[in-house]
Every structure is written in C-alpha cells, then in structure tokens.
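Report on the following structure.
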Amino acid sequence: MLSPDKLTPRIDPSRDTGNEADFIDFDKLIAIARRQWRIVAACAFAFGILGVVYVLTSVPVYTADTSVLIDRSDNQVINQLAAFGQLDDDEGTVLSQVELLKSDTIAYAVVDKLKLVDDPVFTAPKNSLFSVATLKSLVNFRSWFADDVAVAPDPARKRRSAAETVAGNIDVERVGKSYVLDVSYTSQSPDLAREIAAAIADVYMVDKLNSKYEATRRAGEWLQERIEELRQQALDTDLAVQKFRSEHGLVESGSGTLLSEQQLSELNSQLITAQAATAQAEAKYARIKSIIQAKQTDAIVTDVLDSSISNDLRKKYLEASKLEAEIEARLGPDHVQAVRLRAEMAEYERLMFDELNRIAESYQSELQVAQSREKSLRDSVDQATGVAATAGETQVQLRELERTRDTYKNLYQNFLTRYQEAIQQQSFPITAARIITIAETPTKPSAPKRSLVVAFAMFLGCAFGSGIGAFREFRDRFFRTGDDVKDMLDVESLGVMPLIENNVEDPTLVDPGNPRSIARGGKTTTYVEEHPLSAFAETLRSAKIAIDISAADQRCKVIGVVSSLPGEGKSTTAINFAKLLAMQGARCLLIDGDMRNPGATRAIGRHAEAGLLEAIVDNRPLKDLILLDPKTKLAFLPTVARYRVPHSSELLASRGMDQLLEMARQSFDYIIVDLPPLAPVVDARAINPKLDAVVFVIEWGKTSRKVVQSTLLSEPDLYTKCVGAILTKVDPSQMKLYRTFGSSEYYYKRYSRYYTE
C-alpha cells in the first residue's frame, strides 16, 4: 500500500516488462492485430468486392505505341544553316519535347486531321460504371438543372472536348537517357488507338517543320528590319567621323597617319641632321683656331690641303727652309743669304696663317649657319609638337567615333549575311526528329489489369481497415488487463470477474417461512455459491488475502467496495465477496451504504422494511434490522430508501454510523460496505476514516482510464487504503485478445485447469 505523498504511477522492478530498449513492441502489435483483424479482413473483402465489380463493369481499353527519335545529326546540319544557331538537345530540350507532345496544339491538330469530332467510335460514351467521365457527370450539378438547349454542345465546345480527351489519353515517356520518346495512346478501340498514335507522331513531325519554318521566317523579317536600322546607323557614324576630321583638321596622309604627325617626324629627322652638322662645324672651327693659336705650321687641315695658295706657300716655305739650312750649314747663320732666306720664310709663314685665318673665318661662318638652321628647326619641332599634342587629344574622340562606325559596319555585314542564309533556310525541308517505330494495332487490352486491380483494391481495403483499427485502438481509453491497472493506477490488480448474465432467478424470491432471510436473487448474486472454484471466486479470494495482509492488526476489518461510476458491478462484487467470506466460516456483515441508489438491497433485500437509515437515525438495534442468508450465514444490513436522502454523506460520517460499526465489530470478523461511486457523490469520502481497507471496482472495457485516475487519485486518503482493483464484467472471448507475451493473462490456458466454471 502506497504512502499518501506518492501517488504517481511507478514501475514494479519485480515485474518482467521485456526488452525496454526495443523501439517497437512487437507483442503489442501482434495483440492489436489479433483484436482488429476482423475489421481489416472485412474492409479488404469489401474493397475486393468493389474491385471485382469495377473489373466486371469497366470497358477494356487498348494502348498503341510509337517511338520518335530526336535526331541530333540533323540538328547539326540545321545549326550550320540556321540564322542564329540552335542549342544542343540537352535534358531540358528533350523534356520540352515531351511537354510539346502532350500539349493542346498537338491534340487539336490530331482532332482536325482525323476528324474525331464526327467519329462515332471516338465520341461513343464510356460505359464503365467507375469511369472518370461517369464520376464527373455525377458531380456536375449544373447539368442536372439545365435544359437541353443549354447543355447541348456547340462545335467549338465539341472540338475542345475532343482535344481534351486526346490530350488526357496521351502518355509520353523518355526511354532511359536516350533521345527516343515513347508515345502511347489509349482508347476503347484498338484501331482508333493505332490511328491516333500514328497521327500524333505525324502531327508532331509537321509541327516541328512548321515551327522551324515560322522561326526562320520571323527571324528573316526581323533581320530585314534590323538590317535597315544598321545600314542607316553605319552611314550616320561614317558621316560623323568624316565631319569630325574636317572640323578639327585631322587630315590623313596616304599611309593612314595624320599630316601633322608625319610633319613632326620629318622635322625631328631634319633637327637631328642639323644638330650633327652644327657639331661638325663647331669641331672644325675649334681645330683650326687651336692651330692658329699654337702657330703650328706643320698641322694638317683638310681645306688647307685642298687650297692651291696654301700649298704653294707651304712649298715655297719648305724650299726656303731647305736652302737656308744648306747655306747656314755651309756659310754660317749670319750669312746675308741665310738672313734673307729666314726673312722670306717668316713672310711665307705669315701668309700661311693669313690663309688659315681666312679658312677659319669660313669655318666660323659655316658654324653660325648651322647653329641658325638648328635653332630654326628646333622652333619648328616645338610648334609641330604642340599641334600633334592637340591632335592627339582630339584623336581620342575620333577613335571612339571610328570604333562605333566599325561596330555598326561589322554588324551590318553580319546581319546581311545571316539574312541571306535565313532566306535560303526557309525552303530547306529538314526536321530535327523522325519516327523509328510505327504504331501498330494492339491485340490485347492494356487495362484494366484484373488481378492487379483486385489485389490493389484489397490492399487499399487492408490499409483502410488498418486505419480504422488504429483509430479504434487509439480511442480505446479503457482498462483491459491487470497490467493496465498497475501502470495507470499504481495499485495491485486483484483479478478479473467475467460478465454474468442475470437471467436465472427472480430477485424477489424469498423463503416464505423466514421473511428475515436474504432473497435468493439472480445468478449474479449467487455465482460464488454455485461456482466456488471459478476464476470469479479466485479473484475474490485474492481480494481477501490482500485485505488480510494490509489490515492484519485489525480483529474486525471494515472493507469498502467502491467504483468510479454507477453500474460497474460494485454491488455484485460486494455481495459475492461477502458470501465468499461467509462460506469460508468468517462472520461477515454486508452493509448497503449507497443510500441514494441501494443496488445491493434491490438485488437481495428488496423485501426489507427497515435497514441502515433506521439504525443510524432511530438507533434501532442491529439484530432487528439485518437479514440472514440461511445457506452461507451471511448477515446483510439493507438500506430501505422510501424517499430521497439529500444528506447521505452526513449520515455516513455521523456518530450514529460510528456506533453502528462499533457494535458490528463486536459480532463480525468482516464488515463489507457497498459504497456509492466516487464520481457523482462524496459519500465514500465521508465514510473513509471508518474504513480499514478499500477494494476498487472497474468495469472492463467501459470505464475510462482518465475518469478512474481523476476520481481515485483525487482522494488520497481513500487511495492509500486501496488494497487493489478488480476488473468486472469481463468478456472472456475479448479478454484473450489483449493478452501479450509475458503477461499473466498470456498463460491463462495453462492455469485455467485449476478453475471450474
């Protein structure tokens, strides 16, 4: 028995719960399958019947196939001739062709080509009971209330309906990763399926050819307009270049460069030549000046060598020098002839230097001329450089204009070339696809696949039934096994009591010779007498053992039998439990403590004229009020409610009730009190301090776990005295479905031989 402060559920460590690490409890799944298999089987059977009905009523359909290859080799030829070139047939392109085959364009073209609007086979109604058209007509509420004129289809609507039918029956699939498209069409007529499948492929080929022609035609028209624009833009930009040149004086030479640039180049060349000439003249002048200043008569100067005067003077100077040397050697330096010759030599020398001075003056004149020319050229170069710099800045704008002109010129040439190619391609009859498998008339229907349809229907039925079963299991919030009692309430499960049909005895049957005896009652009140070795009686014995252990120090044990709701078998349990105790030789008193709804009194003491109320209120002796069972020696204190008792809880908690129980303790070993249910009234709470133990009764499969938890756990004082719970009104045939491996119920067959029902 639990302490008052420990009311939360716990797990008994001594109880084998199996492998708690398993994520899926297969034992519970098997138990659920055993309980719900009838629902699943019924749904599978019902859906299977529907599948059979569908198969028998559905109209067989036939599917014709054709294959189309998107030929990439042709595309390469087309790309060479196309105005803009075409993209390769990649994944997206192939999928686009699939959508094209399913499009309304192809469907309308097929309808018009085969005149399907007027084809009686195509327009024949679909007679299948479960066809899509039948279901649509059933849910089309507008057609129910419309007149015949309003619903009569016009030609456009008939054509659109035919196209929708064709598009709805087309199926296009790509064959693996290849460029082959498998096109199939399904119809009730095999010949019509073949014709439409072949027409789809033909229309697709024509559409590809027409689309290519239209694309090139539109491209040609657009190119023609664009060419006119580009031609005008090329002319405008060329005129802009020429006008800019003339405005800024940017005149080109024959080599393509500007005249200012060419002139600057020539002036630079002349300046370099002039600088070289100046340097040469300056060197000659400096050389001759050094000779004159050094009085070098033997120095060699080019112009002196070329001068006849200088050569004659030098010749005479040399002859005089030679002769003077001879005379001086022969006649002495003071000879008149030697002196005269030296004077001639001096004159010759003076004349030679005079000639050198004259040549030096000519060199100086040449130097001045060269310097003047160099200065003039340098000024011209500076001036030309400024002009070239200005022209260079202007050329930036000129080059931009020239690039624009060249761009428009190249675009014009390219577009003109492509326009000519587009004009030629319009008459080039090549398509980028071809038919590789011709549609043939199917020999057997493609649908419905009878066995598959029935199997699928049964599978849906199993799934639907499993859903219903899962919902039933989810909504099952009741106590089914003793483990549920232990897990949810944390109290011991004392056992189960099977449902007993009360249709044997008249509950008012009393021994005429002894009006103070207990009435025989129905089968529910005498079951423990007639079946003392049954599981029913064994459960009550388990309750007795639990009470004896919990209240071993009490000479007389006051036991309350209580439930959460009315009608759970509380009174039946109390009557049979009291009879069992009396049959085992104990002195037992059964008190009907339910003053508002005395179920035990109605069952075995309806003939009583006084009872508990008289004992409490009028202080009547207990021996004058109790009824005795002549067979089991059970004493019973009924409750005779001649009127509604509004203060029943005060009576049960009163001093008179204390005196009654004190008197009863002196004469009895067990006092069983049939208490009112906990949920509707507070009587059980009022009498709880006077009780030694409590047996809780729960109706199997009817009382919600939440109700039991909220009522029992909300009474902690009563909860601590609860020795266990009994599941009543158990259906044995259903109970076995809740037995899982390892539980005590699972081994019921093995120990049921100990019971005699």
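Labeling convention for the structure tokens: chains A, B, ... as they appear, residues from 1 per chain, ligands from 1 in order of appearance.
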For this session: Go through segment 624-674 of chain A and collect every residue that DSSP, computed from the backbone, puts in strand (DSSP E); the answer should be as number ranges by chain.
Result: A: 627-628, 635-637, 670-674
Exercise. Contacts of segment 630-633 of chain A at 9 Å or less, counting only C-alpha atoms, minus same-chain residues fewer than 6 places along, as a list in words?
Worked result: Ser517, Ile518, Glu529, Lys579, Leu580, Leu581, Ala582, Met583, Gln584, Gly585, Arg587 and Cys588 of chain A
Exercise. Given the choices A:Val485, A:Val730, A:Ile30, A:Ala64, which gets closest to Asp191 of chain A if the distance is worked out from only C-alpha atoms?
Worked result: A:Ala64
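Minimum distance to Ala31 of chain A across A:Pro60, A:Gly724, A:Pro190, A:Gly469 (counting only C-alpha atoms) occurs at A:Gly469.
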Problem set entry | Residue contacts of Lys115 of chain A (10 Å, only C-alpha atoms) excluding same-chain residues fewer than 6 positions away, as a PyMOL selection string | chain A and resi 109+122+159+162
For this session: Mind checking which residues fall within 10 Å of Val723 of chain A, counting only C-alpha atoms, ignoring those fewer than 4 positions away in the same chain, and posting them as a PyMOL selection string?
Result: chain A and resi 1-2+491-494+543-551+559+692-696+719
Selection above as a file: N, CA, C and O atoms, as a compact mmCIF listing (two decimals), in the first residue's frame:
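Here's the written file again_2.txt:
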```
# COMPACT_ATOMS: atom_id res chain seq x y z
N MET A 1 0.86 -1.19 0.00
CA MET A 1 0.00 0.00 0.00
C MET A 1 0.89 1.23 0.00
O MET A 1 1.89 1.30 0.69
N LEU A 2 0.54 2.21 -0.79
CA LEU A 2 1.38 3.37 -1.00
C LEU A 2 1.21 4.37 0.11
O LEU A 2 0.19 4.45 0.77
N VAL A 491 -1.78 0.49 -8.37
CA VAL A 491 -2.35 -0.37 -7.33
C VAL A 491 -2.33 -1.79 -7.86
O VAL A 491 -2.25 -2.02 -9.07
N GLU A 492 -2.45 -2.75 -6.95
CA GLU A 492 -2.40 -4.14 -7.35
C GLU A 492 -3.69 -4.54 -8.07
O GLU A 492 -4.78 -4.09 -7.73
N SER A 493 -3.50 -5.37 -9.06
CA SER A 493 -4.66 -5.95 -9.74
C SER A 493 -5.03 -7.24 -9.02
O SER A 493 -4.26 -8.20 -8.98
N LEU A 494 -6.25 -7.25 -8.46
CA LEU A 494 -6.70 -8.41 -7.70
C LEU A 494 -7.28 -9.51 -8.58
O LEU A 494 -7.51 -10.62 -8.10
N ALA A 543 -8.70 -10.84 -3.24
CA ALA A 543 -9.03 -9.61 -2.52
C ALA A 543 -8.98 -9.84 -1.01
O ALA A 543 -8.52 -8.98 -0.25
N LYS A 544 -9.45 -11.02 -0.55
CA LYS A 544 -9.42 -11.32 0.88
C LYS A 544 -7.98 -11.38 1.40
O LYS A 544 -7.66 -10.85 2.47
N ILE A 545 -7.10 -12.03 0.64
CA ILE A 545 -5.71 -12.13 1.05
C ILE A 545 -5.08 -10.74 1.15
O ILE A 545 -4.36 -10.41 2.10
N ALA A 546 -5.36 -9.89 0.15
CA ALA A 546 -4.80 -8.53 0.17
C ALA A 546 -5.29 -7.75 1.37
O ALA A 546 -4.54 -7.00 2.00
N ILE A 547 -6.58 -7.95 1.73
CA ILE A 547 -7.14 -7.25 2.89
C ILE A 547 -6.54 -7.77 4.17
O ILE A 547 -6.18 -7.00 5.07
N ASP A 548 -6.39 -9.08 4.27
CA ASP A 548 -5.82 -9.65 5.48
C ASP A 548 -4.38 -9.18 5.70
O ASP A 548 -3.96 -8.93 6.82
N ILE A 549 -3.63 -9.04 4.62
CA ILE A 549 -2.24 -8.59 4.74
C ILE A 549 -2.17 -7.12 5.12
O ILE A 549 -1.36 -6.70 5.96
N SER A 550 -3.03 -6.31 4.50
CA SER A 550 -2.96 -4.87 4.74
C SER A 550 -3.50 -4.48 6.12
O SER A 550 -3.07 -3.47 6.68
N ALA A 551 -4.45 -5.25 6.65
CA ALA A 551 -5.04 -4.92 7.96
C ALA A 551 -4.92 -6.10 8.91
O ALA A 551 -5.89 -6.53 9.54
N ILE A 559 -14.33 -3.08 5.33
CA ILE A 559 -13.86 -3.02 3.93
C ILE A 559 -14.91 -2.29 3.11
O ILE A 559 -16.10 -2.66 3.12
N ASP A 692 -11.07 0.29 7.02
CA ASP A 692 -9.73 -0.26 7.17
C ASP A 692 -9.08 -0.57 5.83
O ASP A 692 -7.85 -0.57 5.72
N ALA A 693 -9.88 -0.87 4.85
CA ALA A 693 -9.36 -1.19 3.52
C ALA A 693 -10.44 -0.87 2.49
O ALA A 693 -11.63 -0.79 2.82
N VAL A 694 -9.98 -0.69 1.25
CA VAL A 694 -10.89 -0.36 0.15
C VAL A 694 -10.56 -1.27 -1.03
O VAL A 694 -9.39 -1.48 -1.36
N VAL A 695 -11.60 -1.82 -1.64
CA VAL A 695 -11.47 -2.59 -2.87
C VAL A 695 -12.12 -1.76 -3.98
O VAL A 695 -13.30 -1.40 -3.88
N PHE A 696 -11.34 -1.47 -5.02
CA PHE A 696 -11.82 -0.62 -6.11
C PHE A 696 -12.31 -1.50 -7.25
O PHE A 696 -11.62 -2.45 -7.66
N TYR A 719 -7.21 6.52 -1.41
CA TYR A 719 -6.24 5.86 -2.28
C TYR A 719 -5.23 5.06 -1.46
O TYR A 719 -4.81 3.96 -1.86
```
Exercise. Using the chain letters and numbers from this document, which residues of segment 329-492 of chain A does DSSP assign to alpha helix (DSSP H), as a PyMOL selection string?
Worked result: chain A and resi 329-331+336-425+450-475+482-489
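You will find atom CA of Arg602 of chain A at 26.4 Å from atom CA of Cys722 of chain A.
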